[in-house]
Every structure is written in structure tokens, then in C-alpha cells.
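As stored in protein_2.cif (mmCIF, C-alpha atoms):
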```cif
data_protein
#
loop_
_atom_site.group_PDB
_atom_site.id
_atom_site.type_symbol
_atom_site.label_atom_id
_atom_site.label_comp_id
_atom_site.auth_asym_id
_atom_site.auth_seq_id
_atom_site.Cartn_x
_atom_site.Cartn_y
_atom_site.Cartn_z
ATOM 1 C CA THR A 142 7.763 5.239 4.165
ATOM 2 C CA MET A 143 6.888 2.337 6.392
ATOM 3 C CA LEU A 144 3.293 1.332 5.857
ATOM 4 C CA PHE A 145 1.299 0.472 8.971
ATOM 5 C CA LEU A 146 -0.848 -2.593 8.401
ATOM 6 C CA ILE A 147 -3.943 -3.406 10.441
ATOM 7 C CA VAL A 148 -5.134 -6.915 11.070
ATOM 8 C CA VAL A 149 -8.792 -7.495 11.641
ATOM 9 C CA PRO A 150 -9.995 -10.699 13.291
ATOM 10 C CA VAL A 151 -13.232 -12.243 12.122
ATOM 11 C CA ALA A 152 -15.472 -14.302 14.345
ATOM 12 C CA PHE A 153 -15.768 -17.352 12.135
ATOM 13 C CA LEU A 154 -14.188 -18.124 8.849
ATOM 14 C CA LEU A 155 -16.908 -19.385 6.644
ATOM 15 C CA LEU A 156 -15.140 -21.971 4.549
ATOM 16 C CA PRO A 157 -14.626 -25.204 6.469
ATOM 17 C CA GLY A 158 -10.926 -25.731 7.066
ATOM 18 C CA VAL A 159 -9.876 -22.416 5.624
ATOM 19 C CA GLY A 160 -9.870 -20.543 8.937
ATOM 20 C CA ALA A 161 -8.715 -17.025 8.286
ATOM 21 C CA GLY A 162 -11.041 -15.427 10.688
ATOM 22 C CA GLU A 163 -9.663 -14.745 14.099
ATOM 23 C CA ILE A 164 -6.888 -12.799 15.624
ATOM 24 C CA ILE A 165 -4.145 -14.814 17.247
ATOM 25 C CA GLY A 166 -1.385 -13.290 19.347
ATOM 26 C CA GLY A 167 -2.933 -9.831 19.375
ATOM 27 C CA HIS A 168 -4.469 -7.572 22.017
ATOM 28 C CA GLU A 169 -7.700 -5.681 22.605
ATOM 29 C CA ALA A 170 -8.006 -2.593 20.412
ATOM 30 C CA LYS A 171 -8.480 0.815 22.021
ATOM 31 C CA PRO A 172 -12.255 1.458 21.901
ATOM 32 C CA HIS A 173 -13.325 3.107 18.615
ATOM 33 C CA SER A 174 -9.731 3.471 17.410
ATOM 34 C CA ARG A 175 -10.867 1.659 14.244
ATOM 35 C CA PRO A 176 -14.203 3.373 13.547
ATOM 36 C CA TYR A 177 -14.433 1.764 10.094
ATOM 37 C CA MET A 178 -14.715 -1.774 11.508
ATOM 38 C CA ALA A 179 -17.942 -3.629 10.732
ATOM 39 C CA TYR A 180 -19.200 -6.791 12.427
ATOM 40 C CA LEU A 181 -21.278 -8.950 10.078
ATOM 41 C CA ASN A 182 -24.089 -11.066 11.464
ATOM 42 C CA ILE A 183 -24.787 -13.564 8.673
ATOM 43 C CA GLN A 184 -27.834 -15.821 8.430
ATOM 44 C CA ARG A 185 -27.219 -18.925 6.335
ATOM 45 C CA GLY A 186 -30.193 -21.277 6.487
ATOM 46 C CA ILE A 187 -30.593 -22.102 10.192
ATOM 47 C CA LYS A 188 -26.933 -21.266 10.852
ATOM 48 C CA ASN A 189 -25.689 -17.938 12.138
ATOM 49 C CA VAL A 190 -22.073 -17.059 11.272
ATOM 50 C CA HIS A 191 -19.911 -13.953 11.598
ATOM 51 C CA CYS A 192 -17.346 -12.033 9.596
ATOM 52 C CA GLY A 193 -15.587 -8.718 9.665
ATOM 53 C CA GLY A 194 -15.795 -5.919 7.139
ATOM 54 C CA PHE A 195 -15.098 -2.212 6.838
ATOM 55 C CA LEU A 196 -17.005 0.921 5.872
ATOM 56 C CA VAL A 197 -15.701 2.523 2.650
ATOM 57 C CA THR A 198 -18.563 4.994 2.003
ATOM 58 C CA ARG A 199 -21.672 5.796 4.049
ATOM 59 C CA ASN A 200 -23.594 3.273 1.931
ATOM 60 C CA PHE A 201 -21.094 0.460 1.359
ATOM 61 C CA VAL A 202 -19.121 -2.053 3.415
ATOM 62 C CA LEU A 203 -16.320 -4.117 1.865
ATOM 63 C CA THR A 204 -15.780 -7.729 2.980
ATOM 64 C CA ALA A 205 -14.833 -11.202 1.664
ATOM 65 C CA ALA A 206 -17.066 -12.956 -0.906
ATOM 66 C CA HIS A 207 -17.092 -16.137 1.191
ATOM 67 C CA CYS A 208 -18.963 -14.148 3.893
ATOM 68 C CA LYS A 209 -22.139 -14.319 1.783
ATOM 69 C CA GLY A 210 -25.423 -15.356 3.363
ATOM 70 C CA ASP A 211 -29.196 -15.475 2.948
ATOM 71 C CA SER A 212 -29.274 -12.201 4.851
ATOM 72 C CA ILE A 213 -26.634 -10.024 6.543
ATOM 73 C CA THR A 214 -26.897 -7.376 9.254
ATOM 74 C CA VAL A 215 -23.979 -4.975 9.742
ATOM 75 C CA ILE A 216 -23.036 -3.601 13.168
ATOM 76 C CA LEU A 217 -20.927 -0.428 13.063
ATOM 77 C CA GLY A 218 -19.336 1.403 15.994
ATOM 78 C CA ALA A 219 -18.920 -1.717 18.136
ATOM 79 C CA GLN A 220 -16.238 -2.613 20.665
ATOM 80 C CA ASN A 221 -18.033 -5.456 22.477
ATOM 81 C CA VAL A 222 -20.279 -7.197 19.951
ATOM 82 C CA LYS A 223 -22.100 -9.138 22.687
ATOM 83 C CA GLN A 224 -23.516 -5.932 24.172
ATOM 84 C CA GLN A 225 -25.853 -3.254 22.834
ATOM 85 C CA GLU A 226 -23.553 -0.259 23.089
ATOM 86 C CA SER A 227 -24.922 3.250 22.497
ATOM 87 C CA SER A 228 -22.215 3.758 19.836
ATOM 88 C CA GLN A 229 -23.519 0.886 17.698
ATOM 89 C CA GLN A 230 -25.431 1.367 14.443
ATOM 90 C CA VAL A 231 -27.233 -1.795 13.304
ATOM 91 C CA ILE A 232 -28.060 -1.646 9.583
ATOM 92 C CA PRO A 233 -29.431 -4.477 7.410
ATOM 93 C CA VAL A 234 -27.767 -5.158 4.061
ATOM 94 C CA ARG A 235 -29.893 -4.274 1.033
ATOM 95 C CA ARG A 236 -27.716 -6.004 -1.564
ATOM 96 C CA GLN A 237 -24.721 -8.368 -1.574
ATOM 97 C CA ILE A 238 -22.486 -7.759 -4.607
ATOM 98 C CA ARG A 239 -19.997 -10.606 -4.910
ATOM 99 C CA HIS A 240 -17.238 -10.481 -7.505
ATOM 100 C CA ARG A 241 -18.556 -12.403 -10.500
ATOM 101 C CA GLN A 242 -15.261 -14.259 -10.870
ATOM 102 C CA HIS A 243 -15.187 -15.331 -7.201
ATOM 103 C CA ASN A 244 -14.066 -18.967 -7.129
ATOM 104 C CA SER A 245 -14.684 -20.742 -3.833
ATOM 105 C CA GLU A 246 -12.566 -23.692 -5.006
ATOM 106 C CA THR A 247 -9.366 -21.691 -5.551
ATOM 107 C CA GLY A 248 -10.192 -18.859 -3.115
ATOM 108 C CA ASN A 249 -9.634 -16.313 -5.896
ATOM 109 C CA ASN A 250 -11.433 -12.931 -6.161
ATOM 110 C CA ASP A 251 -12.725 -13.299 -2.592
ATOM 111 C CA ILE A 252 -14.260 -9.812 -2.424
ATOM 112 C CA MET A 253 -17.808 -8.538 -1.881
ATOM 113 C CA LEU A 254 -19.464 -5.132 -1.519
ATOM 114 C CA LEU A 255 -22.453 -4.798 0.788
ATOM 115 C CA GLN A 256 -24.927 -2.034 0.021
ATOM 116 C CA LEU A 257 -26.565 -0.857 3.244
ATOM 117 C CA GLN A 258 -30.326 -0.269 3.507
ATOM 118 C CA LYS A 259 -29.651 3.216 4.822
ATOM 119 C CA PRO A 260 -26.493 5.344 5.003
ATOM 120 C CA ALA A 261 -24.350 5.088 8.114
ATOM 121 C CA HIS A 262 -24.211 8.161 10.334
ATOM 122 C CA LEU A 263 -20.544 9.211 10.518
ATOM 123 C CA ASN A 264 -19.226 10.348 13.907
ATOM 124 C CA SER A 265 -16.249 9.694 16.222
ATOM 125 C CA GLU A 266 -17.226 6.004 16.586
ATOM 126 C CA VAL A 267 -18.233 5.273 12.966
ATOM 127 C CA GLY A 268 -15.987 6.359 10.098
ATOM 128 C CA LEU A 269 -14.581 5.397 6.700
ATOM 129 C CA LEU A 270 -11.376 3.582 5.742
ATOM 130 C CA ARG A 271 -9.521 4.839 2.685
ATOM 131 C CA LEU A 272 -8.908 2.556 -0.289
ATOM 132 C CA PRO A 273 -5.548 2.456 -2.109
ATOM 133 C CA PRO A 274 -4.920 3.727 -5.645
ATOM 134 C CA ALA A 275 -5.475 1.033 -8.289
ATOM 135 C CA ASN A 276 -2.651 -1.512 -8.533
ATOM 136 C CA GLN A 277 -0.585 -0.002 -5.701
ATOM 137 C CA GLN A 278 1.951 -2.556 -4.432
ATOM 138 C CA VAL A 279 2.837 -3.022 -0.757
ATOM 139 C CA GLU A 280 6.497 -3.946 -0.341
ATOM 140 C CA PRO A 281 7.471 -7.082 1.634
ATOM 141 C CA GLY A 282 8.649 -6.027 5.092
ATOM 142 C CA THR A 283 5.903 -3.409 5.449
ATOM 143 C CA VAL A 284 4.236 -3.598 8.869
ATOM 144 C CA CYS A 285 0.450 -3.419 8.731
ATOM 145 C CA SER A 286 -2.310 -4.268 11.168
ATOM 146 C CA VAL A 287 -5.522 -6.253 11.186
ATOM 147 C CA ALA A 288 -8.434 -6.341 13.600
ATOM 148 C CA GLY A 289 -11.445 -8.505 14.211
ATOM 149 C CA TRP A 290 -13.717 -10.379 16.566
ATOM 150 C CA GLY A 291 -12.511 -13.823 15.479
ATOM 151 C CA ARG A 292 -11.017 -16.624 17.543
ATOM 152 C CA THR A 293 -7.984 -15.786 19.634
ATOM 153 C CA ARG A 294 -6.561 -19.316 19.696
ATOM 154 C CA ALA A 295 -6.575 -21.915 16.942
ATOM 155 C CA ASN A 296 -8.086 -24.532 19.265
ATOM 156 C CA ARG A 297 -10.671 -22.259 20.882
ATOM 157 C CA LYS A 298 -14.257 -22.323 19.661
ATOM 158 C CA GLY A 299 -16.190 -19.071 19.330
ATOM 159 C CA GLY A 300 -14.972 -15.584 18.646
ATOM 160 C CA SER A 301 -13.826 -12.737 20.848
ATOM 161 C CA GLU A 302 -16.438 -10.361 22.323
ATOM 162 C CA MET A 303 -14.006 -7.439 22.236
ATOM 163 C CA LEU A 304 -12.312 -6.148 19.091
ATOM 164 C CA GLN A 305 -8.758 -7.522 18.885
ATOM 165 C CA GLU A 306 -5.885 -6.224 16.768
ATOM 166 C CA VAL A 307 -2.379 -7.307 15.815
ATOM 167 C CA ASN A 308 0.513 -5.958 13.736
ATOM 168 C CA LEU A 309 1.594 -8.161 10.827
ATOM 169 C CA THR A 310 4.444 -7.969 8.332
ATOM 170 C CA VAL A 311 3.824 -8.294 4.594
ATOM 171 C CA GLN A 312 5.769 -11.245 3.122
ATOM 172 C CA ASP A 313 7.175 -12.044 -0.276
ATOM 173 C CA ASP A 314 4.628 -13.910 -2.448
ATOM 174 C CA SER A 315 6.887 -16.978 -2.447
ATOM 175 C CA GLU A 316 6.123 -17.523 1.279
ATOM 176 C CA CYS A 317 2.444 -18.151 0.496
ATOM 177 C CA GLN A 318 3.132 -20.310 -2.533
ATOM 178 C CA ARG A 319 4.397 -22.849 0.017
ATOM 179 C CA ILE A 320 1.268 -22.923 2.250
ATOM 180 C CA PRO A 321 -0.089 -26.489 2.363
ATOM 181 C CA GLU A 322 -3.088 -26.464 0.067
ATOM 182 C CA VAL A 323 -6.430 -25.739 1.682
ATOM 183 C CA LYS A 324 -8.642 -28.005 -0.372
ATOM 184 C CA ASN A 325 -7.887 -26.614 -3.847
ATOM 185 C CA HIS A 326 -6.999 -23.064 -2.809
ATOM 186 C CA LYS A 327 -4.174 -21.623 -4.879
ATOM 187 C CA TYR A 328 -2.113 -18.494 -4.262
ATOM 188 C CA ASN A 329 -2.384 -15.887 -7.033
ATOM 189 C CA SER A 330 0.017 -12.949 -6.638
ATOM 190 C CA THR A 331 -2.124 -10.675 -8.838
ATOM 191 C CA THR A 332 -5.190 -10.860 -6.605
ATOM 192 C CA MET A 333 -3.708 -11.920 -3.250
ATOM 193 C CA MET A 334 -1.240 -10.688 -0.618
ATOM 194 C CA CYS A 335 0.901 -12.828 1.677
ATOM 195 C CA VAL A 336 0.922 -11.519 5.259
ATOM 196 C CA GLY A 337 2.360 -12.608 8.613
ATOM 197 C CA ASP A 338 5.824 -13.636 9.737
ATOM 198 C CA PRO A 339 6.080 -17.462 9.705
ATOM 199 C CA LYS A 340 8.341 -17.217 12.788
ATOM 200 C CA LYS A 341 5.761 -15.340 14.918
ATOM 201 C CA PRO A 342 2.523 -16.810 16.358
ATOM 202 C CA GLN A 343 0.431 -13.861 15.190
ATOM 203 C CA ALA A 344 -2.307 -14.059 12.585
ATOM 204 C CA SER A 345 -5.897 -13.393 11.670
ATOM 205 C CA PHE A 346 -8.066 -16.498 11.967
ATOM 206 C CA LYS A 347 -11.618 -17.848 11.889
ATOM 207 C CA GLY A 348 -14.172 -15.105 12.309
ATOM 208 C CA ASP A 349 -11.802 -12.387 11.091
ATOM 209 C CA SER A 350 -12.613 -13.016 7.434
ATOM 210 C CA GLY A 351 -13.562 -9.896 5.530
ATOM 211 C CA GLY A 352 -11.742 -7.541 7.881
ATOM 212 C CA PRO A 353 -9.195 -5.060 6.543
ATOM 213 C CA LEU A 354 -5.424 -5.265 6.512
ATOM 214 C CA VAL A 355 -4.522 -1.652 7.222
ATOM 215 C CA CYS A 356 -1.214 -0.243 6.039
ATOM 216 C CA ASP A 357 -0.512 3.440 6.629
ATOM 217 C CA GLU A 358 -4.249 4.019 7.295
ATOM 218 C CA VAL A 359 -5.247 2.484 3.963
ATOM 219 C CA ALA A 360 -7.129 -0.800 3.381
ATOM 220 C CA GLN A 361 -4.570 -2.781 1.371
ATOM 221 C CA GLY A 362 -5.916 -6.259 2.150
ATOM 222 C CA ILE A 363 -8.996 -8.268 3.167
ATOM 223 C CA VAL A 364 -8.724 -11.325 5.443
ATOM 224 C CA SER A 365 -9.357 -14.296 3.154
ATOM 225 C CA TRP A 366 -7.835 -17.754 3.840
ATOM 226 C CA GLY A 367 -4.871 -19.729 5.119
ATOM 227 C CA SER A 368 -3.701 -22.908 6.783
ATOM 228 C CA PRO A 369 -6.373 -24.599 8.982
ATOM 229 C CA SER A 370 -3.857 -24.579 11.861
ATOM 230 C CA GLY A 371 -3.910 -20.776 11.982
ATOM 231 C CA LYS A 372 -0.166 -20.537 11.280
ATOM 232 C CA PRO A 373 1.130 -17.489 9.382
ATOM 233 C CA PRO A 374 1.633 -16.401 6.710
ATOM 234 C CA ARG A 375 -1.985 -16.108 5.611
ATOM 235 C CA VAL A 376 -3.624 -14.929 2.429
ATOM 236 C CA TYR A 377 -5.386 -11.586 1.991
ATOM 237 C CA VAL A 378 -7.272 -10.143 -0.976
ATOM 238 C CA LYS A 379 -5.090 -7.525 -2.721
ATOM 239 C CA VAL A 380 -7.545 -4.598 -2.626
ATOM 240 C CA SER A 381 -5.636 -2.393 -5.102
ATOM 241 C CA THR A 382 -6.284 -4.924 -7.909
ATOM 242 C CA PHE A 383 -10.044 -4.511 -7.420
ATOM 243 C CA ILE A 384 -10.327 -0.703 -7.287
ATOM 244 C CA PRO A 385 -11.843 -0.441 -10.816
ATOM 245 C CA TRP A 386 -14.403 -3.146 -9.903
ATOM 246 C CA ILE A 387 -15.293 -1.457 -6.584
ATOM 247 C CA GLN A 388 -15.739 1.945 -8.247
ATOM 248 C CA GLU A 389 -17.840 0.488 -11.078
ATOM 249 C CA MET A 390 -20.160 -1.433 -8.710
ATOM 250 C CA MET A 391 -20.674 1.598 -6.452
ATOM 251 C CA ARG A 392 -21.328 3.856 -9.450
ATOM 252 C CA ARG A 393 -23.858 1.407 -10.817
ATOM 253 C CA LEU A 394 -25.773 1.273 -7.532
ATOM 254 C CA GLN A 395 -25.351 4.902 -6.522
ATOM 255 C CA PRO A 396 -28.634 6.104 -8.120
ATOM 256 C CA LEU A 397 -30.478 3.544 -6.005
ATOM 257 C CA VAL A 398 -28.724 4.768 -2.876
ATOM 258 C CA GLN A 399 -30.452 8.143 -3.082
ATOM 259 C CA LEU A 400 -33.954 6.604 -2.824
#
```
Could the structure of this file be written out as C-alpha cells, please?
Amino acid sequence: TMLFLIVVPVAFLLLPGVGAGEIIGGHEAKPHSRPYMAYLNIQRGIKNVHCGGFLVTRNFVLTAAHCKGDSITVILGAQNVKQQESSQQVIPVRRQIRHRQHNSETGNNDIMLLQLQKPAHLNSEVGLLRLPPANQQVEPGTVCSVAGWGRTRANRKGGSEMLQEVNLTVQDDSECQRIPEVKNHKYNSTTMMCVGDPKKPQASFKGDSGGPLVCDEVAQGIVSWGSPSGKPPRVYVKVSTFIPWIQEMMRRLQPLVQL
């Protein structure tokens, strides 16, 4: 079956020059058609940066490890992140659980769970996104989608107020092994996915980091990194590789969640 992949734009990509955060060549998403989308307001010293993420249980949001901060507030149920919409749930993050093997030099293991201070209230505007079975592979040629509030043009500063989305095609790993190196970032086919047709000007970009790549209504990828120019293909975390880690971390923290 054809998998449908979702691209999520993030407002700002947090690694200088890595720009995987915004959606380029997409369009505004139908309001609340992606109820799992989370907007991350990240405080880092005196700087305020943004990422995307997605709700996987009432207590946990999944995002990219490079979206870490001194403190993070999650906004669920948003369409326009510059307005206080009645659908929005604003929940501070209790704990940031970054993958212990996350390597900001190589960009590897760029995954982080956020434990919320209180459970999200699930309704038509706020919902969960399913995770794939462990080690499930997504075939090249599969069309998925991503969404986010990231930049809509490579040369435009600032993110999009409205949630944007775009369809992207999964590529063979070899396409990403040719991306000009971003600092020392290296493509690892075990932990990463290569997404976006190099012939089409469509991609996630700065500010979309941490958002989900949705294929057939399953979160197969997380916006991670790519060429500073915003050109596809770009690199996504391969979620299926990390299912045992995600389950273990949530199990470990679950007793605390009930407090």
C-alpha cells in the first residue's frame, strides 16, 4: 500500500546552518486536520526559539533532541500560533529526555521525549499520532507528508503563523549520502531517513525541526537536518529504530505521570 507521509514545518531549526525547520513549497493545513501537532516554545538563555513536535500519549510529546532548551512550553491544538485560540492547550514540559547517544556533531540519534507537567485533554483538536512497529522500513517512492510552522522560503526570516503542510517522497538512502556536509553531519541509514524529491522545491526547513513525517497516518520520521539552502532531500530521524527506547523511557517515567 502507498504510505502517506506528512511533513511538518518547524519555526526555527536550532542548529546554525542545519536548517531543517520550515516548510517550503507547501500550503496551509486544514484547521485541526493534524490534531497531534505540537508547537514548542523553547527558552535558551535569553533566546527564544521554536520547534515542532507531536503528541504520542496524553503525557508525552516526541521531537528532535536538538530542540532542547532551558525550559520548553508545548502548545497543542493550534492553527495560528500567534493567536490565543480557544482550541489551544498550553502545557509546560516537566522533563526533557534526550537520547543518551545524541551526537550534535554528526546529527545522529536526534530524538527527544518531552514529559508534560499535566496530561493533555484529548478532543477533536488535540489527538495522538501512532508510532510504527519497531524497525519497520518505509520503501523509497512512498509519499508521506510533513507539517510545521517553520519558514516558508529559504531566504525569509521568521516562521509561519499558520500551520503549513507538504507531501514529500521518501528517497533511497544513497540520495542523502550525497548531501554536502553540514558541519560534520553524517548520514546513517540505520537511524535516519532520506526524504524529498531533489527535483521538486518542496521541503521542511528551519523551525520545522521535531515535527513528524507522517506516512499512512503513522509517524515514521522526525524533521532533523539538511542542506543550509533548504534544498531536498533532507534528513529525518527513523522513528521505527527508536521504538524500544521510546517505550522504555515512557515506562520508566509512567509511575511519575500518575502523581
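Closest approach to Glu389 (chain A) from the set A:Lys209, A:Lys223, A:His240, A:His262 is made by A:His240, with distances taken over all atoms listed in the file.
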Adding 3 Å on each side of the box along x, y and z that holds all listed atoms of region 275-286 of chain A, could you give its centre and edge lengths in Å to one decimal, as JSON?
```
{"center_x": 1.6, "center_y": -3.0, "center_z": 1.3, "size_x": 20.1, "size_y": 14.1, "size_z": 25.7}
```
CA of Asn200 (chain A) and CA of Thr332 (chain A) are how many Å apart? 24.7 Å
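Proximity of A:Thr214, A:Gln361, A:Thr382, A:Ser370 to Arg271 (chain A), computed with only C-alpha atoms, is greatest for A:Gln361.
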Counting only C-alpha atoms, figure out which residue out of A:Ile216, A:Met334, A:Leu203, A:Leu309 gets nearest to Gln277 (chain A). A:Met334
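Note that CA of Pro342 (chain A) and CA of Asn329 (chain A) are 23.9 Å apart.
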Give the answer as one residue: which of A:Val190, A:Cys285, A:Met333, A:Val307 has the shortest atom-to-atom distance to Gly248 (chain A), using all atoms listed in the file? A:Met333
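Checking A:Ile320, A:Cys192, A:Ile164, A:Val380 one by one against Ser345 (chain A), counting all atoms listed in the file, you find the shortest gap at A:Ile164.
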Around the point (-3.6, -10.7, 13.6) (coordinates from the file), which residues reach within 6 Å if we count all atoms listed in the file? Answer as a count of residues only. 10
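Minimum atom-to-atom distances from A:Ala170, A:Pro260, A:Met303, A:Gln242 to Val222 (chain A) were compared using all atoms listed in the file, and the lowest value belongs to A:Met303.
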Let me know the residues the PyMOL selection byres ((chain A and resi 253) around 10) catches in the file above, as a list in words. Gly194, Val202, Leu203, Thr204, Ala205, Ala206, His207, Cys208, Lys209, Gln237, Ile238, Arg239, His240, Arg241, His243, Asn250, Asp251, Ile252, Leu254, Leu255, Gln256, Gly351 and Ile387 of chain A
Could you tell me, as a PDB file with C-alpha atoms, in the coordinates of the input, exactly which residues end up selected when the PyMOL selection byres ((chain A and resi 229) around 6) is applied to this structure?
```pdb
ATOM      1  CA  LEU A 217     -20.927  -0.428  13.063  1.00  0.00           C
ATOM      2  CA  GLY A 218     -19.336   1.403  15.994  1.00  0.00           C
ATOM      3  CA  ALA A 219     -18.920  -1.717  18.136  1.00  0.00           C
ATOM      4  CA  GLU A 226     -23.553  -0.259  23.089  1.00  0.00           C
ATOM      5  CA  SER A 227     -24.922   3.250  22.497  1.00  0.00           C
ATOM      6  CA  SER A 228     -22.215   3.758  19.836  1.00  0.00           C
ATOM      7  CA  GLN A 230     -25.431   1.367  14.443  1.00  0.00           C
TER       8      GLN A 230
END
```
